[in-house]
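Enquirer: This is final34.cif, which holds mmCIF, C-alpha atoms:
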data_target
#
loop_
_atom_site.label_atom_id
_atom_site.label_comp_id
_atom_site.auth_asym_id
_atom_site.auth_seq_id
_atom_site.Cartn_x
_atom_site.Cartn_y
_atom_site.Cartn_z
CA MET C 1 20.29 -4.47 -0.50
CA LYS C 2 17.77 -1.86 -1.62
CA LYS C 3 14.37 -3.08 -2.68
CA ARG C 4 12.58 -1.89 -5.79
CA VAL C 5 9.02 -0.58 -5.44
CA PHE C 6 6.28 -1.62 -7.85
CA LYS C 7 2.56 -0.84 -8.23
CA THR C 8 -0.07 -3.03 -9.82
CA LYS C 9 -1.95 -1.38 -12.67
CA SER C 10 -5.15 -1.03 -10.62
CA PHE C 11 -3.23 0.42 -7.64
CA ALA C 12 -1.42 2.90 -9.90
CA ARG C 13 -4.74 4.07 -11.39
CA TRP C 14 -6.24 4.54 -7.93
CA ALA C 15 -3.18 6.24 -6.41
CA LYS C 16 -2.43 8.54 -9.36
CA LYS C 17 -4.09 11.65 -7.92
CA ILE C 18 -3.72 10.74 -4.23
CA LEU C 19 -0.19 9.44 -3.57
CA SER C 20 3.12 10.44 -5.12
CA ASP C 21 5.87 7.96 -5.92
CA ALA C 22 7.97 9.64 -3.22
CA LEU C 23 5.28 8.85 -0.61
CA LEU C 24 5.14 5.24 -1.78
CA CYS C 25 8.93 4.92 -1.51
CA GLN C 26 8.79 6.38 2.00
CA ALA C 27 6.04 3.88 2.89
CA ALA C 28 8.18 1.05 1.47
CA ARG C 29 11.09 2.09 3.71
CA GLU C 30 8.76 2.09 6.72
CA ILE C 31 7.49 -1.38 5.81
CA GLU C 32 11.09 -2.61 5.64
CA ARG C 33 11.58 -1.33 9.20
CA GLY C 34 8.47 -3.24 10.29
CA GLU C 35 6.29 -0.13 10.57
CA PHE C 36 2.89 -1.24 9.25
CA GLU C 37 -0.55 -1.71 10.76
CA ALA C 38 -1.15 -5.43 10.24
CA ASP C 39 0.65 -8.53 9.03
CA LEU C 40 -1.94 -10.43 7.01
CA GLY C 41 0.27 -13.47 6.47
CA GLN C 42 1.91 -14.93 3.37
CA GLY C 43 4.13 -11.84 3.03
CA VAL C 44 1.22 -9.37 2.76
CA CYS C 45 0.68 -6.43 5.09
CA LYS C 46 -1.72 -3.51 5.52
CA LYS C 47 -0.11 -0.06 5.57
CA ARG C 48 -1.59 3.39 6.20
CA ILE C 49 -0.10 6.16 4.07
CA ALA C 50 -0.69 9.76 5.13
CA VAL C 51 -2.24 11.87 2.37
CA PRO C 52 -0.59 15.31 2.07
CA GLY C 53 -2.60 17.96 3.90
CA GLN C 54 -4.74 15.37 5.70
CA GLY C 55 -2.25 13.52 7.92
CA THR C 56 -2.94 10.00 9.12
CA SER C 57 -6.55 10.82 10.00
CA GLY C 58 -7.21 11.23 6.26
CA SER C 59 -4.85 8.47 5.27
CA ALA C 60 -5.09 5.95 2.48
CA ARG C 61 -5.04 2.22 3.19
CA SER C 62 -2.98 -0.13 1.07
CA LEU C 63 -2.26 -3.83 0.78
CA VAL C 64 1.41 -4.52 0.17
CA ALA C 65 3.30 -7.68 -0.73
CA LYS C 66 6.57 -7.47 1.18
CA GLN C 67 8.00 -10.99 1.12
CA HIS C 68 9.95 -10.76 -2.14
CA LYS C 69 13.69 -10.48 -1.46
CA SER C 70 14.35 -7.58 -3.85
CA ALA C 71 11.00 -5.79 -4.28
CA ILE C 72 7.88 -4.46 -2.56
CA PHE C 73 4.59 -4.54 -4.47
CA PHE C 74 1.67 -2.20 -3.75
CA LEU C 75 -1.35 -4.35 -4.59
CA ALA C 76 -4.54 -2.48 -3.67
CA GLY C 77 -5.59 0.76 -2.04
CA ARG C 78 -8.59 2.67 -0.79
CA ALA C 79 -9.32 5.92 0.96
CA LYS C 80 -10.12 5.76 4.65
CA SER C 81 -13.52 7.31 3.93
CA ASP C 82 -14.48 4.55 1.45
CA PRO C 83 -17.20 2.20 2.72
CA GLY C 84 -16.18 -1.02 4.42
CA THR C 85 -14.01 -1.77 7.38
CA ASP C 86 -11.22 -3.63 5.63
CA PHE C 87 -10.12 -5.14 2.35
CA SER C 88 -12.01 -8.16 1.12
CA PRO C 89 -11.46 -10.54 -1.81
CA ASN C 90 -14.55 -9.09 -3.52
CA GLU C 91 -12.98 -5.61 -3.79
CA GLU C 92 -10.53 -6.85 -6.40
CA GLU C 93 -13.36 -8.33 -8.46
CA ALA C 94 -15.27 -5.04 -8.36
CA ALA C 95 -12.27 -3.01 -9.55
#
Would it be possible to restate this file's structure as structure tokens?
Expert:
Amino acid sequence: MKKRVFKTKSFARWAKKILSDALLCQAAREIERGEFEADLGQGVCKKRIAVPGQGTSGSARSLVAKQHKSAIFFLAGRAKSDPGTDFSPNEEEAA
């Protein structure tokens, strides 16, 4: 069964000029194969997505809900160069 790919409104706003829908679909396929950086529990993972022209060294970080049986949801994202070492609950409040 193929999964549908969704973006939250805040993720879509952030990713609009950085990541294409095709890149997100490719990332979703990789997540389905278990190719992601960290399993954060409760069906959420952290995934690096290579930005065109920058490779993985200039990649974007994203939080993805992957537990749903028919869909993958991109929840939050940030550029690698953004301050901070990881996602925190306060980032969502600031957005």
Enquirer: C:Ser62, C:Gly53, C:Ile18, C:Cys25: which is nearest Phe74 (chain C), counting all atoms listed in the file?
Expert: C:Ser62
Enquirer: On this structure, the PyMOL selection byres ((chain C and resi 15) around 10) would catch which residues? List them as a list in words, sorted by chain and number.
Expert: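 When the PyMOL selection byres ((chain C and resi 15) around 10) is applied, the selected residues are Lys7, Lys9, Ser10, Phe11, Ala12, Arg13, Trp14, Lys16, Lys17, Ile18, Leu19, Ser20, Asp21, Leu24, Ala60, Ser62, Ala76, Gly77, Arg78 and Ala79 of chain C.
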Enquirer: Which one is closest to Val51 (chain C): C:Ile31, C:Val64, C:Val5, C:Ala22? Count only C-alpha atoms.
Expert: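 The closest residue to Val51 (chain C) is C:Ala22.
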Enquirer: Between CA of Pro52 (chain C) and CA of Ser70 (chain C), what distance in Å does the model show, to one decimal?
Expert: 28.0 Å
Enquirer: Measuring atom to atom with all atoms listed in the file, identify which of C:Lys80, C:Gly43, C:Gln26, C:Ala38 is nearest to Lys66 (chain C).
Expert: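 Of all the options, C:Gly43 lies closest to Lys66 (chain C).
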Enquirer: When you draw a straight line from CA of Ser59 (chain C) to CA of Lys2 (chain C), how long is it in Å?
Expert: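 We find that CA of Ser59 (chain C) and CA of Lys2 (chain C) lie 25.8 Å from each other.
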Enquirer: Care to translate the PyMOL selection byres ((chain C and resi 34-36) around 8) into actual residues of this file, as a PDB file with C-alpha atoms, keeping the file's coordinate frame?
Expert:
ATOM      1  CA  GLU C  30       8.760   2.090   6.720  1.00  0.00           C
ATOM      2  CA  ILE C  31       7.490  -1.380   5.810  1.00  0.00           C
ATOM      3  CA  GLU C  32      11.090  -2.610   5.640  1.00  0.00           C
ATOM      4  CA  ARG C  33      11.580  -1.330   9.200  1.00  0.00           C
ATOM      5  CA  GLU C  37      -0.550  -1.710  10.760  1.00  0.00           C
ATOM      6  CA  ALA C  38      -1.150  -5.430  10.240  1.00  0.00           C
ATOM      7  CA  ASP C  39       0.650  -8.530   9.030  1.00  0.00           C
ATOM      8  CA  CYS C  45       0.680  -6.430   5.090  1.00  0.00           C
ATOM      9  CA  LYS C  46      -1.720  -3.510   5.520  1.00  0.00           C
ATOM     10  CA  LYS C  47      -0.110  -0.060   5.570  1.00  0.00           C
ATOM     11  CA  ARG C  48      -1.590   3.390   6.200  1.00  0.00           C
TER      12      ARG C  48
END
Enquirer: One decimal, in Å: what's the spacing between CA of Gly41 (chain C) and CA of Ala27 (chain C)?
Expert: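 The value is 18.6 Å.
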Enquirer: Set up a box along x, y and z of the file covering all listed atoms of region 19-35 of chain C, add 8 Å on every one of the six sides, and write the centre and edge lengths in Å to one decimal, as JSON.
Expert:
{"center_x": 5.7, "center_y": 3.6, "center_z": 2.3, "size_x": 27.8, "size_y": 29.7, "size_z": 32.5}
Enquirer: Hey, which of C:Leu63, C:His68, C:Thr8, C:Phe73 ends up closest to Leu40 (chain C)? Count only C-alpha atoms.
Expert: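 That would be C:Leu63, the residue with the smallest distance to Leu40 (chain C).
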Enquirer: Pick out the closest residue to Phe6 (chain C) from this set: C:Ile72, C:Arg61, C:Ala28, C:Gln42. Count all atoms listed in the file.
Expert: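 With all atoms listed in the file as the atom set, the closest residue is C:Ile72.
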Enquirer: For the structure just given, write the atoms of region 59-71 of chain C, namely N, CA, C and O atoms, as a compact mmCIF listing (two decimals), in the first residue's frame.
Expert:
# COMPACT_ATOMS: atom_id res chain seq x y z
N SER C 59 22.10 20.16 4.27
CA SER C 59 20.76 19.58 4.30
C SER C 59 19.82 20.28 5.27
O SER C 59 20.24 21.00 6.15
N ALA C 60 18.54 20.01 5.06
CA ALA C 60 17.50 20.49 5.96
C ALA C 60 17.17 19.36 6.92
O ALA C 60 17.29 18.19 6.58
N ARG C 61 16.76 19.71 8.12
CA ARG C 61 16.34 18.72 9.11
C ARG C 61 14.83 18.76 9.20
O ARG C 61 14.24 19.83 9.14
N SER C 62 14.20 17.62 9.36
CA SER C 62 12.75 17.62 9.50
C SER C 62 12.31 16.60 10.54
O SER C 62 12.99 15.60 10.77
N LEU C 63 11.19 16.89 11.18
CA LEU C 63 10.53 15.94 12.06
C LEU C 63 9.36 15.37 11.29
O LEU C 63 8.59 16.12 10.68
N VAL C 64 9.23 14.05 11.33
CA VAL C 64 8.23 13.37 10.51
C VAL C 64 7.46 12.37 11.35
O VAL C 64 8.06 11.58 12.08
N ALA C 65 6.14 12.41 11.25
CA ALA C 65 5.30 11.40 11.88
C ALA C 65 5.14 10.28 10.87
O ALA C 65 4.66 10.49 9.77
N LYS C 66 5.55 9.07 11.23
CA LYS C 66 5.57 7.97 10.28
C LYS C 66 4.71 6.79 10.70
O LYS C 66 4.64 5.79 10.01
N GLN C 67 4.03 6.87 11.82
CA GLN C 67 3.34 5.71 12.35
C GLN C 67 1.98 5.44 11.69
O GLN C 67 1.49 4.33 11.72
N HIS C 68 1.39 6.43 11.09
CA HIS C 68 0.07 6.26 10.48
C HIS C 68 0.14 5.22 9.37
O HIS C 68 1.08 5.20 8.58
N LYS C 69 -0.87 4.35 9.28
CA LYS C 69 -0.81 3.24 8.33
C LYS C 69 -0.89 3.65 6.87
O LYS C 69 -0.43 2.94 5.99
N SER C 70 -1.48 4.81 6.57
CA SER C 70 -1.63 5.19 5.16
C SER C 70 -1.05 6.56 4.82
O SER C 70 -1.27 7.04 3.73
N ALA C 71 -0.30 7.17 5.73
CA ALA C 71 0.22 8.52 5.45
C ALA C 71 1.49 8.79 6.24
O ALA C 71 1.75 8.18 7.27
